Amino acid sequence: MIKTIKIDWILLMLLTLITSFGCKQQVTPYPESKPQVGNFIDNRGQTWQDLQEHKALWEAKTSGNYQITFQQSCFCPQEFTQPFQLTVANGKIVKAIDKDNKPAQKQTMEAIKTVEQVFAMLNKATKSAELIEVQYDSEFGYPKLVFIDHEQMMADEEVRISLSGLKL
């Protein structure tokens with residue numbers, strides 16, 4: 001009976017100590033710093049906010065009619081990674097020519113994106129991608145350089161896009 005009382009008393013003391021430590025622990029309100037998991041720092045909230053501000057600037061300064069050079073870098077065939085000069089009317093590609101002044105093939109056209117489509121891709125990535133890096137044009141707000149890594153532990157699924165030479 002004495003052993004039972006000692007064990008019960010020891011368990012009660014341990015429970016009290018554990019509970020008291022839990023109550024004394026200071027809770028830091030979010031977000032004092034960016035949430036971190038391993039080496040991944042979640043900056044998607046800030047990325048989304050920057051995206052909205054630059055998209056609004058783009059929409060305010062342009063009408064959806066422009067020319068721009070689009071180039072992506074990915075683990076894909078060369079015909080997808082060469083630069084294409086795009087002519088865009090009302091937010092849709094009406095002409096895409098490669099560096100040899102040849103029109104883009106149908107399968108390549110599916111991978112080419114307008115500025116508006118790049119904004120949409122970035123918006124979607126802010127919900128799930130592990131790493132997003134964007135450099136925006138300061139005058140018109142379009143994303144000049146984009147890097148999206150959906151899963152940092154997976155190889156060859158990253159996407160890099162550059163947009164340059166905007167002509168309105």
# chains A, B, ... in the order shown; residues from 1 in each chain; ligands from 1

call {"tool": "select_by_dssp", "arguments": {"residues": "region 63-108 of chain A", "states": "alpha helix (DSSP H)", "output": "count of residues only"}}
result
7

call {"tool": "closest_atom_pairs", "arguments": {"of": "region 35-102 of chain A", "to": "region 138-145 of chain A", "cutoff": "9 Å", "atoms": "only C-alpha atoms", "output": "JSON lines"}}
result
{"residue": "A:Leu51", "atom": "CA", "partner": "A:Pro143", "partner_atom": "CA", "distance": 8.7}
{"residue": "A:Glu53", "atom": "CA", "partner": "A:Gly141", "partner_atom": "CA", "distance": 8.1}
{"residue": "A:His54", "atom": "CA", "partner": "A:Gly141", "partner_atom": "CA", "distance": 4.5}
{"residue": "A:Lys55", "atom": "CA", "partner": "A:Gly141", "partner_atom": "CA", "distance": 6.3}
{"residue": "A:Ala56", "atom": "CA", "partner": "A:Gly141", "partner_atom": "CA", "distance": 7.9}
{"residue": "A:Leu57", "atom": "CA", "partner": "A:Gly141", "partner_atom": "CA", "distance": 5.3}
{"residue": "A:Trp58", "atom": "CA", "partner": "A:Gly141", "partner_atom": "CA", "distance": 4.9}
{"residue": "A:Glu59", "atom": "CA", "partner": "A:Phe140", "partner_atom": "CA", "distance": 8.6}
{"residue": "A:Ala60", "atom": "CA", "partner": "A:Phe140", "partner_atom": "CA", "distance": 8.6}
{"residue": "A:Lys61", "atom": "CA", "partner": "A:Phe140", "partner_atom": "CA", "distance": 6.3}
{"residue": "A:Thr62", "atom": "CA", "partner": "A:Phe140", "partner_atom": "CA", "distance": 7.8}

call {"tool": "write_last_selection", "arguments": {"atoms": "C-alpha atoms", "output": "tab-separated table (two decimals), in the first residue's frame"}}
result
chain	number	residue	atom	x	y	z
A	51	LEU	CA	1.71	40.06	-56.71
A	53	GLU	CA	0.11	45.28	-56.03
A	54	HIS	CA	2.09	44.68	-59.23
A	55	LYS	CA	-0.88	43.16	-61.05
A	56	ALA	CA	-2.93	46.27	-60.21
A	57	LEU	CA	-0.10	48.45	-61.57
A	58	TRP	CA	0.04	46.34	-64.75
A	59	GLU	CA	-3.72	46.61	-65.28
A	60	ALA	CA	-3.69	50.36	-64.64
A	61	LYS	CA	-0.88	51.05	-67.13
A	62	THR	CA	-1.77	48.65	-69.95

call {"tool": "residues_around", "arguments": {"residues": "region 64-81 of chain A", "least_positions_apart": "3", "cutoff": "9 Å", "atoms": "only C-alpha atoms", "output": "PyMOL selection string"}}
result
chain A and resi 59+84-92+98+104-105+107-109+111-116+156-168

call {"tool": "residues_around", "arguments": {"residues": "Thr126 (chain A)", "least_positions_apart": "3", "cutoff": "9 Å", "atoms": "only C-alpha atoms", "output": "ChimeraX atom specification"}}
result
/A:43-45,47-48,121-123,129-132

call {"tool": "atom_distance", "arguments": {"atom1": "CA of Ser128 (chain A)", "atom2": "CA of Glu151 (chain A)"}}
result
9.0 Å

call {"tool": "select_by_dssp", "arguments": {"residues": "region 49-163 of chain A", "states": "strand (DSSP E)", "output": "count of residues only"}}
result
38

call {"tool": "decode", "arguments": {"residues": "region 37-133 of chain A", "atoms": "C-alpha atoms", "output": "mmCIF file, in the first residue's frame"}}
result
data_model
loop_
_atom_site.group_PDB
_atom_site.id
_atom_site.type_symbol
_atom_site.label_atom_id
_atom_site.label_comp_id
_atom_site.auth_asym_id
_atom_site.auth_seq_id
_atom_site.Cartn_x
_atom_site.Cartn_y
_atom_site.Cartn_z
ATOM 1 C CA VAL A 37 9.985 24.288 -41.645
ATOM 2 C CA GLY A 38 13.468 22.868 -42.096
ATOM 3 C CA ASN A 39 15.277 25.171 -44.529
ATOM 4 C CA PHE A 40 12.031 26.396 -46.105
ATOM 5 C CA ILE A 41 10.841 29.865 -45.095
ATOM 6 C CA ASP A 42 7.203 30.489 -45.985
ATOM 7 C CA ASN A 43 7.082 33.871 -47.708
ATOM 8 C CA ARG A 44 4.002 33.131 -49.795
ATOM 9 C CA GLY A 45 1.830 35.654 -47.947
ATOM 10 C CA GLN A 46 4.191 38.506 -48.788
ATOM 11 C CA THR A 47 4.615 37.141 -52.314
ATOM 12 C CA TRP A 48 0.827 37.161 -52.778
ATOM 13 C CA GLN A 49 0.585 40.757 -51.527
ATOM 14 C CA ASP A 50 3.407 41.894 -53.855
ATOM 15 C CA LEU A 51 1.708 40.062 -56.708
ATOM 16 C CA GLN A 52 -1.599 41.875 -56.146
ATOM 17 C CA GLU A 53 0.111 45.283 -56.030
ATOM 18 C CA HIS A 54 2.087 44.680 -59.228
ATOM 19 C CA LYS A 55 -0.879 43.163 -61.051
ATOM 20 C CA ALA A 56 -2.926 46.268 -60.208
ATOM 21 C CA LEU A 57 -0.104 48.452 -61.574
ATOM 22 C CA TRP A 58 0.040 46.340 -64.753
ATOM 23 C CA GLU A 59 -3.721 46.609 -65.275
ATOM 24 C CA ALA A 60 -3.694 50.361 -64.643
ATOM 25 C CA LYS A 61 -0.883 51.047 -67.127
ATOM 26 C CA THR A 62 -1.773 48.651 -69.953
ATOM 27 C CA SER A 63 -4.775 47.673 -72.009
ATOM 28 C CA GLY A 64 -3.919 44.028 -72.713
ATOM 29 C CA ASN A 65 -2.334 44.951 -76.052
ATOM 30 C CA TYR A 66 1.456 44.686 -76.145
ATOM 31 C CA GLN A 67 4.548 42.954 -77.473
ATOM 32 C CA ILE A 68 6.951 41.182 -75.149
ATOM 33 C CA THR A 69 9.702 38.545 -75.275
ATOM 34 C CA PHE A 70 8.856 35.383 -73.340
ATOM 35 C CA GLN A 71 11.437 32.755 -72.417
ATOM 36 C CA GLN A 72 11.230 29.868 -70.018
ATOM 37 C CA SER A 73 13.910 27.667 -68.620
ATOM 38 C CA CYS A 74 12.846 24.202 -67.609
ATOM 39 C CA PHE A 75 13.788 20.558 -67.894
ATOM 40 C CA CYS A 76 12.155 20.332 -71.322
ATOM 41 C CA PRO A 77 13.064 20.271 -75.050
ATOM 42 C CA GLN A 78 14.901 23.240 -76.597
ATOM 43 C CA GLU A 79 11.891 24.354 -78.640
ATOM 44 C CA PHE A 80 10.217 25.230 -75.328
ATOM 45 C CA THR A 81 13.183 27.148 -73.905
ATOM 46 C CA GLN A 82 14.055 29.493 -76.756
ATOM 47 C CA PRO A 83 12.853 33.113 -76.615
ATOM 48 C CA PHE A 84 9.609 34.000 -78.352
ATOM 49 C CA GLN A 85 8.498 37.456 -79.404
ATOM 50 C CA LEU A 86 4.803 37.654 -78.522
ATOM 51 C CA THR A 87 2.168 39.957 -79.882
ATOM 52 C CA VAL A 88 -0.749 40.077 -77.483
ATOM 53 C CA ALA A 89 -4.169 41.619 -78.193
ATOM 54 C CA ASN A 90 -6.843 41.816 -75.501
ATOM 55 C CA GLY A 91 -4.727 39.551 -73.272
ATOM 56 C CA LYS A 92 -4.465 36.762 -75.889
ATOM 57 C CA ILE A 93 -1.470 35.737 -77.970
ATOM 58 C CA VAL A 94 -2.103 36.537 -81.628
ATOM 59 C CA LYS A 95 1.462 35.942 -82.792
ATOM 60 C CA ALA A 96 4.508 34.143 -81.371
ATOM 61 C CA ILE A 97 7.724 33.968 -83.342
ATOM 62 C CA ASP A 98 11.036 32.361 -82.396
ATOM 63 C CA LYS A 99 14.545 33.758 -82.788
ATOM 64 C CA ASP A 100 14.598 32.596 -86.433
ATOM 65 C CA ASN A 101 11.385 34.537 -87.112
ATOM 66 C CA LYS A 102 9.375 31.306 -87.421
ATOM 67 C CA PRO A 103 5.957 30.907 -85.803
ATOM 68 C CA ALA A 104 5.806 28.806 -82.655
ATOM 69 C CA GLN A 105 4.481 25.276 -83.129
ATOM 70 C CA LYS A 106 1.122 24.344 -81.640
ATOM 71 C CA GLN A 107 2.596 22.240 -78.801
ATOM 72 C CA THR A 108 5.018 25.045 -77.936
ATOM 73 C CA MET A 109 2.192 27.612 -77.934
ATOM 74 C CA GLU A 110 0.556 25.715 -75.081
ATOM 75 C CA ALA A 111 3.604 26.436 -72.892
ATOM 76 C CA ILE A 112 3.975 30.116 -73.811
ATOM 77 C CA LYS A 113 2.282 32.550 -71.454
ATOM 78 C CA THR A 114 1.077 36.119 -71.613
ATOM 79 C CA VAL A 115 1.822 38.501 -68.762
ATOM 80 C CA GLU A 116 -1.721 37.908 -67.508
ATOM 81 C CA GLN A 117 -1.163 34.134 -67.549
ATOM 82 C CA VAL A 118 2.117 34.519 -65.650
ATOM 83 C CA PHE A 119 0.264 36.545 -63.003
ATOM 84 C CA ALA A 120 -2.345 33.751 -62.774
ATOM 85 C CA MET A 121 0.390 31.111 -62.518
ATOM 86 C CA LEU A 122 2.054 33.065 -59.706
ATOM 87 C CA ASN A 123 -1.264 33.474 -57.897
ATOM 88 C CA LYS A 124 -1.804 29.717 -58.003
ATOM 89 C CA ALA A 125 1.786 29.065 -56.879
ATOM 90 C CA THR A 126 1.351 31.241 -53.763
ATOM 91 C CA LYS A 127 -1.086 28.608 -52.483
ATOM 92 C CA SER A 128 1.191 25.589 -52.816
ATOM 93 C CA ALA A 129 4.731 26.183 -54.111
ATOM 94 C CA GLU A 130 7.578 25.882 -51.649
ATOM 95 C CA LEU A 131 9.671 28.667 -53.165
ATOM 96 C CA ILE A 132 8.690 31.640 -55.298
ATOM 97 C CA GLU A 133 11.056 34.387 -56.388
#
